[in-house]
$ cat work.csv   # CSV, C-alpha atoms and all ligand atoms
chain,number,residue,atom,x,y,z
A,86,MET,CA,0.0,0.0,0.0
A,87,ASN,CA,1.5,3.4,-1.0
A,88,GLN,CA,1.5,6.3,1.4
A,89,SER,CA,-1.5,8.2,0.2
A,90,PRO,CA,-4.2,8.8,2.9
A,91,ILE,CA,-6.3,5.7,3.6
A,92,ILE,CA,-10.0,6.7,3.3
A,93,ALA,CA,-12.1,4.9,5.9
A,94,LEU,CA,-15.2,3.8,4.0
A,95,ASP,CA,-17.5,3.8,7.1
A,96,PHE,CA,-20.6,3.4,5.0
A,97,HIS,CA,-23.7,1.3,5.5
A,98,SER,CA,-23.7,-0.4,2.1
A,99,ALA,CA,-21.6,-1.1,-1.0
A,100,LYS,CA,-23.9,1.2,-3.0
A,101,GLU,CA,-23.1,4.2,-0.7
A,102,ALA,CA,-19.4,3.4,-0.8
A,103,PHE,CA,-19.2,3.2,-4.6
A,104,THR,CA,-21.3,6.3,-5.0
A,105,PHE,CA,-18.9,8.1,-2.7
A,106,LEU,CA,-15.9,6.8,-4.7
A,107,GLU,CA,-17.2,7.9,-8.1
A,108,PRO,CA,-15.6,11.4,-8.1
A,109,PHE,CA,-12.2,10.0,-7.2
A,110,GLU,CA,-10.1,9.5,-10.2
A,111,GLY,CA,-7.7,6.5,-10.3
A,112,LYS,CA,-6.8,4.2,-7.5
A,113,VAL,CA,-7.0,5.2,-3.8
A,114,ASN,CA,-6.2,3.5,-0.5
A,115,VAL,CA,-9.4,2.6,1.3
A,116,LYS,CA,-10.3,1.0,4.6
A,117,VAL,CA,-13.2,-1.5,4.9
A,118,GLY,CA,-14.3,-1.7,8.5
A,119,MET,CA,-16.8,-3.8,10.5
A,120,GLN,CA,-19.9,-1.9,9.3
A,121,LEU,CA,-19.3,-2.4,5.6
A,122,PHE,CA,-17.8,-5.9,5.9
A,123,TYR,CA,-20.6,-7.2,8.1
A,124,LYS,CA,-23.1,-5.9,5.6
A,125,GLU,CA,-21.5,-6.9,2.4
A,126,GLY,CA,-19.1,-9.7,3.2
A,127,PRO,CA,-15.9,-10.5,1.4
A,128,ALA,CA,-17.4,-9.4,-2.0
A,129,ILE,CA,-16.8,-5.7,-1.0
A,130,VAL,CA,-13.0,-6.4,-0.7
A,131,GLU,CA,-12.9,-8.3,-4.0
A,132,ARG,CA,-14.9,-5.5,-5.8
A,133,LEU,CA,-12.6,-2.7,-4.5
A,134,LYS,CA,-9.5,-4.7,-5.4
A,135,GLY,CA,-11.0,-5.4,-8.9
A,136,LEU,CA,-11.1,-1.6,-9.4
A,137,GLY,CA,-7.5,-1.4,-8.5
A,138,HIS,CA,-7.8,0.2,-5.1
A,139,SER,CA,-5.6,-0.9,-2.1
A,140,VAL,CA,-7.6,-2.3,0.8
A,141,PHE,CA,-7.0,-2.1,4.5
A,142,LEU,CA,-9.4,-4.7,6.0
A,143,ASP,CA,-9.9,-3.4,9.5
A,144,LEU,CA,-11.7,-6.1,11.5
A,145,LYS,CA,-9.5,-5.8,14.6
A,146,LEU,CA,-9.4,-9.5,15.5
A,147,HIS,CA,-9.0,-10.3,19.2
A,148,ASP,CA,-9.7,-13.9,20.4
A,149,ILE,CA,-7.9,-17.0,21.4
A,150,PRO,CA,-4.9,-17.8,19.2
A,151,ASN,CA,-6.5,-20.8,17.4
A,152,THR,CA,-9.6,-18.8,16.5
A,153,VAL,CA,-7.6,-15.9,15.2
A,154,LYS,CA,-5.3,-18.2,13.2
A,155,LEU,CA,-8.3,-19.9,11.5
A,156,ALA,CA,-10.0,-16.5,10.8
A,157,MET,CA,-6.8,-15.0,9.3
A,158,GLU,CA,-6.4,-18.0,7.1
A,159,VAL,CA,-9.8,-17.2,5.6
A,160,LEU,CA,-9.2,-13.4,5.5
A,161,ALA,CA,-6.0,-13.9,3.6
A,162,SER,CA,-7.9,-15.3,0.6
A,163,HIS,CA,-9.9,-12.1,0.1
A,164,GLY,CA,-7.0,-10.2,-1.3
A,165,ALA,CA,-6.7,-7.3,1.2
A,166,ASP,CA,-3.4,-5.5,1.3
A,167,LEU,CA,-3.4,-4.9,5.1
A,168,VAL,CA,-5.3,-6.5,8.0
A,169,ASN,CA,-5.2,-5.9,11.8
A,170,VAL,CA,-5.6,-7.4,15.3
A,171,HIS,CA,-5.6,-6.0,18.8
A,172,ALA,CA,-2.2,-6.2,20.4
A,173,ALA,CA,-3.9,-6.8,23.7
A,174,GLY,CA,-4.7,-10.3,22.5
A,175,GLY,CA,-1.1,-11.1,23.2
A,176,GLN,CA,2.0,-12.5,21.6
A,177,ALA,CA,0.7,-16.0,21.1
A,178,MET,CA,-2.4,-14.6,19.4
A,179,MET,CA,-0.4,-12.3,17.1
A,180,GLU,CA,2.0,-15.1,16.1
A,181,ALA,CA,-1.1,-17.3,15.4
A,182,ALA,CA,-2.6,-14.5,13.2
A,183,LEU,CA,0.6,-14.3,11.2
A,184,GLU,CA,0.7,-18.1,10.8
A,185,GLY,CA,-2.9,-18.1,9.6
A,186,LEU,CA,-2.2,-15.3,7.1
A,187,ASP,CA,0.9,-17.1,5.8
A,188,LYS,CA,-1.1,-20.3,5.4
A,189,GLY,CA,-4.1,-18.7,3.8
A,190,THR,CA,-2.3,-16.5,1.2
A,191,PRO,CA,-2.9,-18.0,-2.2
A,192,VAL,CA,0.2,-19.2,-4.0
A,193,GLY,CA,1.8,-16.5,-6.0
A,194,LEU,CA,0.2,-13.6,-4.1
A,195,LYS,CA,1.9,-11.5,-1.5
A,196,ARG,CA,0.9,-12.0,2.1
A,197,PRO,CA,-1.2,-9.0,3.4
A,198,SER,CA,0.7,-6.8,5.8
A,199,ILE,CA,-0.5,-7.2,9.4
A,200,ILE,CA,-0.6,-4.5,12.1
A,201,ALA,CA,-1.8,-4.4,15.7
A,202,VAL,CA,-3.9,-1.8,17.4
A,203,THR,CA,-2.1,-0.5,20.5
A,204,GLN,CA,-4.5,1.8,22.3
A,205,LEU,CA,-7.5,3.0,20.3
A,206,THR,CA,-7.3,6.7,19.4
A,207,SER,CA,-10.7,7.1,21.2
A,208,THR,CA,-8.9,6.3,24.5
A,209,ASP,CA,-7.2,8.9,26.7
A,210,GLU,CA,-4.8,8.3,29.6
A,211,GLU,CA,-7.3,8.8,32.4
A,212,GLN,CA,-9.8,6.4,30.8
A,213,MET,CA,-7.0,3.8,30.2
A,214,ARG,CA,-5.8,3.9,33.8
A,215,ARG,CA,-9.4,3.8,35.2
A,216,GLU,CA,-11.0,1.2,32.8
A,217,GLN,CA,-8.0,-1.0,31.9
A,218,LEU,CA,-6.2,-0.7,35.3
A,219,ILE,CA,-3.0,0.1,33.5
A,220,ASN,CA,-0.7,2.0,35.9
A,221,ALA,CA,1.5,3.7,33.3
A,222,SER,CA,1.4,6.6,30.9
A,223,LEU,CA,-0.5,6.2,27.7
A,224,GLU,CA,2.7,6.5,25.7
A,225,GLN,CA,4.3,3.8,27.8
A,226,SER,CA,1.4,1.5,27.2
A,227,VAL,CA,1.4,2.1,23.4
A,228,LEU,CA,5.2,1.6,23.3
A,229,HIS,CA,4.8,-1.7,25.3
A,230,PHE,CA,2.3,-3.0,22.8
A,231,ALA,CA,4.4,-1.8,19.8
A,232,GLN,CA,7.4,-3.7,21.1
A,233,LEU,CA,5.2,-6.8,21.8
A,234,THR,CA,3.9,-6.5,18.2
A,235,LYS,CA,7.4,-6.3,16.8
A,236,LYS,CA,8.5,-9.2,18.8
A,237,SER,CA,5.6,-11.2,17.5
A,238,GLY,CA,6.8,-10.6,13.9
A,239,LEU,CA,4.0,-8.3,12.7
A,240,ASP,CA,4.7,-5.4,10.3
A,241,GLY,CA,3.6,-2.5,12.5
A,242,VAL,CA,0.9,-0.9,14.6
A,243,VAL,CA,-2.1,1.3,14.7
A,244,CYS,CA,-1.4,4.2,17.1
A,245,SER,CA,-2.1,7.9,17.3
A,246,VAL,CA,0.2,10.5,15.8
A,247,HIS,CA,1.3,11.4,19.3
A,248,GLU,CA,3.2,8.1,19.8
A,249,ALA,CA,4.6,7.7,16.3
A,250,SER,CA,8.0,9.2,16.8
A,251,ALA,CA,8.6,7.3,20.1
A,252,ILE,CA,7.7,4.1,18.3
A,253,ALA,CA,10.0,4.9,15.4
A,254,GLU,CA,12.9,5.3,17.9
A,255,VAL,CA,12.2,1.9,19.5
A,256,CYS,CA,10.9,-0.2,16.6
A,257,GLY,CA,12.5,1.5,13.7
A,258,LYS,CA,11.5,3.8,10.8
A,259,ASP,CA,10.2,1.0,8.6
A,260,PHE,CA,7.9,-0.5,11.2
A,261,LEU,CA,4.4,0.7,10.1
A,262,LYS,CA,2.8,3.4,12.1
A,263,VAL,CA,-0.7,3.7,10.8
A,264,THR,CA,-2.4,6.7,12.5
A,265,PRO,CA,-6.2,7.4,12.6
A,266,GLY,CA,-7.7,10.3,14.5
A,267,ILE,CA,-6.7,12.7,11.8
A,268,ARG,CA,-8.4,16.1,11.8
A,269,LEU,CA,-7.8,19.4,10.1
A,270,ALA,CA,-7.0,22.2,12.4
A,271,ASP,CA,-10.6,23.6,12.5
A,272,SER,CA,-12.5,20.3,12.7
A,273,HIS,CA,-14.4,18.4,15.4
A,274,ALA,CA,-12.7,15.6,17.3
A,275,ASP,CA,-16.0,13.7,17.4
A,276,ASP,CA,-15.4,10.5,19.5
A,277,GLN,CA,-11.6,10.6,19.0
A,278,LYS,CA,-9.4,11.7,21.9
A,279,ARG,CA,-5.9,11.6,20.4
A,280,ILE,CA,-6.2,13.6,17.2
A,281,ALA,CA,-3.7,15.4,15.0
A,282,THR,CA,-3.4,17.2,11.7
A,283,PRO,CA,-1.9,15.6,8.6
A,284,ASN,CA,1.0,17.9,8.8
A,285,THR,CA,1.8,16.9,12.4
A,286,ALA,CA,1.4,13.2,11.3
A,287,ARG,CA,4.1,13.7,8.6
A,288,LEU,CA,6.5,15.5,11.0
A,289,ALA,CA,5.9,12.8,13.7
A,290,GLY,CA,6.9,9.9,11.4
A,291,SER,CA,3.5,8.3,10.7
A,292,THR,CA,3.9,5.9,7.8
A,293,HIS,CA,0.2,6.1,6.9
A,294,ILE,CA,-2.8,8.2,7.9
A,295,VAL,CA,-6.4,6.9,8.1
A,296,VAL,CA,-9.1,9.5,7.5
A,297,GLY,CA,-12.8,9.0,7.7
A,298,ARG,CA,-15.3,11.7,8.6
A,299,ALA,CA,-13.0,14.6,7.6
A,300,ILE,CA,-13.4,13.3,4.0
A,301,THR,CA,-16.6,11.3,4.0
A,302,LYS,CA,-18.7,14.0,5.7
A,303,ALA,CA,-17.2,16.9,3.9
A,304,SER,CA,-19.4,18.8,1.5
A,305,HIS,CA,-16.9,18.2,-1.2
A,306,PRO,CA,-15.1,14.9,-0.3
A,307,ARG,CA,-12.8,14.9,-3.3
A,308,ILE,CA,-11.5,18.4,-2.4
A,309,ALA,CA,-11.2,17.5,1.3
A,310,TYR,CA,-9.2,14.4,0.2
A,311,GLU,CA,-6.9,16.5,-2.0
A,312,ASN,CA,-6.4,19.1,0.8
A,313,ILE,CA,-5.5,16.4,3.3
A,314,ARG,CA,-3.2,14.6,0.9
A,315,THR,CA,-1.4,17.9,0.0
A,316,GLU,CA,-0.9,18.7,3.7
A,317,TRP,CA,0.2,15.1,4.5
A,318,GLU,CA,2.7,15.0,1.7
A,319,GLY,CA,4.0,18.4,2.6
A,320,LEU,CA,3.3,19.9,-0.8
A,321,SER,CA,2.0,23.3,-1.6
A,322,LYS,CA,-1.6,23.5,-3.0
A,323,ASP,CA,-0.7,23.6,-6.7
A,324,GLU,CA,1.8,20.7,-6.7
B,401,LIG,O1,-7.9,0.4,13.3
B,401,LIG,C1,-8.3,1.5,13.0
B,401,LIG,O2,-8.4,1.8,11.8
B,401,LIG,C2,-8.7,2.5,14.0
B,401,LIG,C3,-7.9,2.4,15.2
B,401,LIG,C4,-8.0,3.4,16.1
B,401,LIG,O3,-7.3,3.3,17.2
B,401,LIG,N1,-8.8,4.5,15.9
B,401,LIG,C5,-9.6,4.6,14.8
B,401,LIG,O4,-10.3,5.6,14.6
B,401,LIG,N2,-9.5,3.6,13.8
B,401,LIG,C6,-10.4,3.6,12.6
B,401,LIG,O5,-10.1,4.8,11.9
B,401,LIG,C7,-11.3,5.4,11.4
B,401,LIG,C8,-11.3,6.9,11.9
B,401,LIG,O6,-12.4,7.5,11.4
B,401,LIG,P1,-12.6,9.1,11.6
B,401,LIG,O7,-12.5,9.4,13.1
B,401,LIG,O8,-14.0,9.3,11.0
B,401,LIG,O9,-11.5,9.7,10.8
B,401,LIG,C9,-12.5,4.6,11.8
B,401,LIG,O10,-12.9,3.8,10.8
B,401,LIG,C10,-11.9,3.8,13.0
B,401,LIG,O11,-12.6,2.5,13.0
$ encode --input "work.csv" --output "structure tokens" --more "lines below"
Ligand SMILES: O=C(O)c1cc(=O)[nH]c(=O)n1[C@@H]1O[C@H](COP(=O)(O)O)[C@@H](O)[C@H]1O
Amino acid sequence: MNQSPIIALDFHSAKEAFTFLEPFEGKVNVKVGMQLFYKEGPAIVERLKGLGHSVFLDLKLHDIPNTVKLAMEVLASHGADLVNVHAAGGQAMMEAALEGLDKGTPVGLKRPSIIAVTQLTSTDEEQMRREQLINASLEQSVLHFAQLTKKSGLDGVVCSVHEASAIAEVCGKDFLKVTPGIRLADSHADDQKRIATPNTARLAGSTHIVVGRAITKASHPRIAYENIRTEWEGLSKDE
């Protein structure tokens, strides 16, 4: 998957998603999450891939190792470029996920990259300490999960922009740091707690940004996408 912004297709149906994508010329990076996948099934991934788009299949698996391994074996056959799990599932679960993906990837195709969610971007430190009983800073917790993810052999993590540079120091520049919670300077946080602009994401060393509502709810989604892409890539408006 190239480094263009990943558009979160948080839509209710394939019809809505494809209508939304119509004004976009060429191939884009898209994310299919639970809402669209549970409605449309694997066909949505296959259709998007058929149009040449790159697909992050965001189902955030979190279960016992054997169940995750078997599920990943099936998911690998849909052709997604990137999939994810929750790092809190543990090292054995992450290793099993990787094993399932390796086993399920059709011969001749590249195994999807796999990343683990550290702490959701809708979580803040106070909530983490209170609800998860973690007696550490949020950054320490994210770094812990990033190191566990790396040790398990995965390709990277989902984190917020605020932890990206610390993760780069510990896990390396090439370890994926996929960062949702992206907002333009003047937009609402909605349910997100750890937000940042595309420009901050680039300076912090995010490898990818995931953007949903700032594009999908914009009055001109294509223009919103271009503005975000321009800021993320550090280009001036006319480049
Ligand atoms: O795994 C994810 O993609 C994810 C992890 C996370 O910690 N936070 C997070 O917001 N996401 C996803 O990223 C997208 C963000 O959407 P917006 O807040 O509308 O930009 C949603 O589809 C979330 O499911």
$ closest_residue --input "work.csv" --among "A:Arg215, A:Lys100, A:His273, A:Arg314" --to "ligand LIG 401 (chain B)" --atoms "all atoms listed in the file"
A:His273
$ atom_distance --input "work.csv" --atom1 "atom CA of Pro265 of chain A" --atom2 "atom CA of Ile252 of chain A"
15.4 Å
$ residues_near_ligand --input "work.csv" --ligand "ligand LIG 401 (chain B)" --cutoff "10 Å" --atoms "all atoms listed in the file" --output "MDAnalysis selection string"
chainID A and resid 91:96 116:120 141:145 168:171 200:208 242:245 263:268 273:280 294:302
$ atom_distance --input "work.csv" --atom1 "atom CA of Ile313 of chain A" --atom2 "atom CA of Pro283 of chain A"
6.5 Å
$ atom_distance --input "work.csv" --atom1 "atom CA of Glu184 of chain A" --atom2 "atom CA of Lys154 of chain A"
6.5 Å
$ axis_aligned_box --input "work.csv" --around "segment 300-314 of chain A" --padding-each-side "8 Å" --output "lines of an AutoDock Vina configuration file"
center_x = -11.3
center_y = 15.2
center_z = 1.2
size_x = 32.2
size_y = 23.8
size_z = 25.0
$ residues_around --input "work.csv" --residues "Val140 of chain A" --least-positions-apart "5" --cutoff "9 Å" --atoms "only C-alpha atoms" --output "ChimeraX atom specification"
/A:86,91,113-117,130,133-134,164-168
$ residues_around --input "work.csv" --residues "Val246 of chain A" --least-positions-apart "5" --cutoff "7 Å" --atoms "only C-alpha atoms" --output "list in words"
Thr264, Ala281, Ala286, Ala289 and Ser291 of chain A
$ closest_residue --input "work.csv" --among "A:Lys235, A:Lys195, A:Lys258, A:His293" --to "Ser89 of chain A" --atoms "all atoms listed in the file"
A:His293
$ closest_residue --input "work.csv" --among "A:Ser139, A:Gln212, A:Thr190, A:Ser304" --to "His163 of chain A" --atoms "all atoms listed in the file"
A:Thr190
$ closest_residue --input "work.csv" --among "A:Glu318, A:Glu101, A:Glu224, A:Asp209" --to "Gln88 of chain A" --atoms "all atoms listed in the file"
A:Glu318
$ residues_near_point --input "work.csv" --point "(-13.2, -15.8, -2.4)" --cutoff "9 Å" --atoms "all atoms listed in the file" --output "PyMOL selection string"
chain A and resi 127-128+131+159+162-164
$ write_last_selection --input "work.csv" --atoms "C-alpha atoms" --output "PDB file, in the coordinates of the input"
ATOM      1  CA  PRO A 127     -15.900 -10.500   1.400  1.00  0.00           C
ATOM      2  CA  ALA A 128     -17.400  -9.400  -2.000  1.00  0.00           C
ATOM      3  CA  GLU A 131     -12.900  -8.300  -4.000  1.00  0.00           C
ATOM      4  CA  VAL A 159      -9.800 -17.200   5.600  1.00  0.00           C
ATOM      5  CA  SER A 162      -7.900 -15.300   0.600  1.00  0.00           C
ATOM      6  CA  HIS A 163      -9.900 -12.100   0.100  1.00  0.00           C
ATOM      7  CA  GLY A 164      -7.000 -10.200  -1.300  1.00  0.00           C
TER       8      GLY A 164
END
$ closest_residue --input "work.csv" --among "A:Ala102, A:Ile149, A:Leu223, A:Ala156" --to "Met178 of chain A" --atoms "only C-alpha atoms"
A:Ile149
$ decode --input "work.csv" --residues "segment 244-265 of chain A" --atoms "C-alpha atoms" --output "CSV table (one decimal), in the first residue's frame"
chain,number,residue,atom,x,y,z
A,244,CYS,CA,-1.4,4.2,17.1
A,245,SER,CA,-2.1,7.9,17.3
A,246,VAL,CA,0.2,10.5,15.8
A,247,HIS,CA,1.3,11.4,19.3
A,248,GLU,CA,3.2,8.1,19.8
A,249,ALA,CA,4.6,7.7,16.3
A,250,SER,CA,8.0,9.2,16.8
A,251,ALA,CA,8.6,7.3,20.1
A,252,ILE,CA,7.7,4.1,18.3
A,253,ALA,CA,10.0,4.9,15.4
A,254,GLU,CA,12.9,5.3,17.9
A,255,VAL,CA,12.2,1.9,19.5
A,256,CYS,CA,10.9,-0.2,16.6
A,257,GLY,CA,12.5,1.5,13.7
A,258,LYS,CA,11.5,3.8,10.8
A,259,ASP,CA,10.2,1.0,8.6
A,260,PHE,CA,7.9,-0.5,11.2
A,261,LEU,CA,4.4,0.7,10.1
A,262,LYS,CA,2.8,3.4,12.1
A,263,VAL,CA,-0.7,3.7,10.8
A,264,THR,CA,-2.4,6.7,12.5
A,265,PRO,CA,-6.2,7.4,12.6
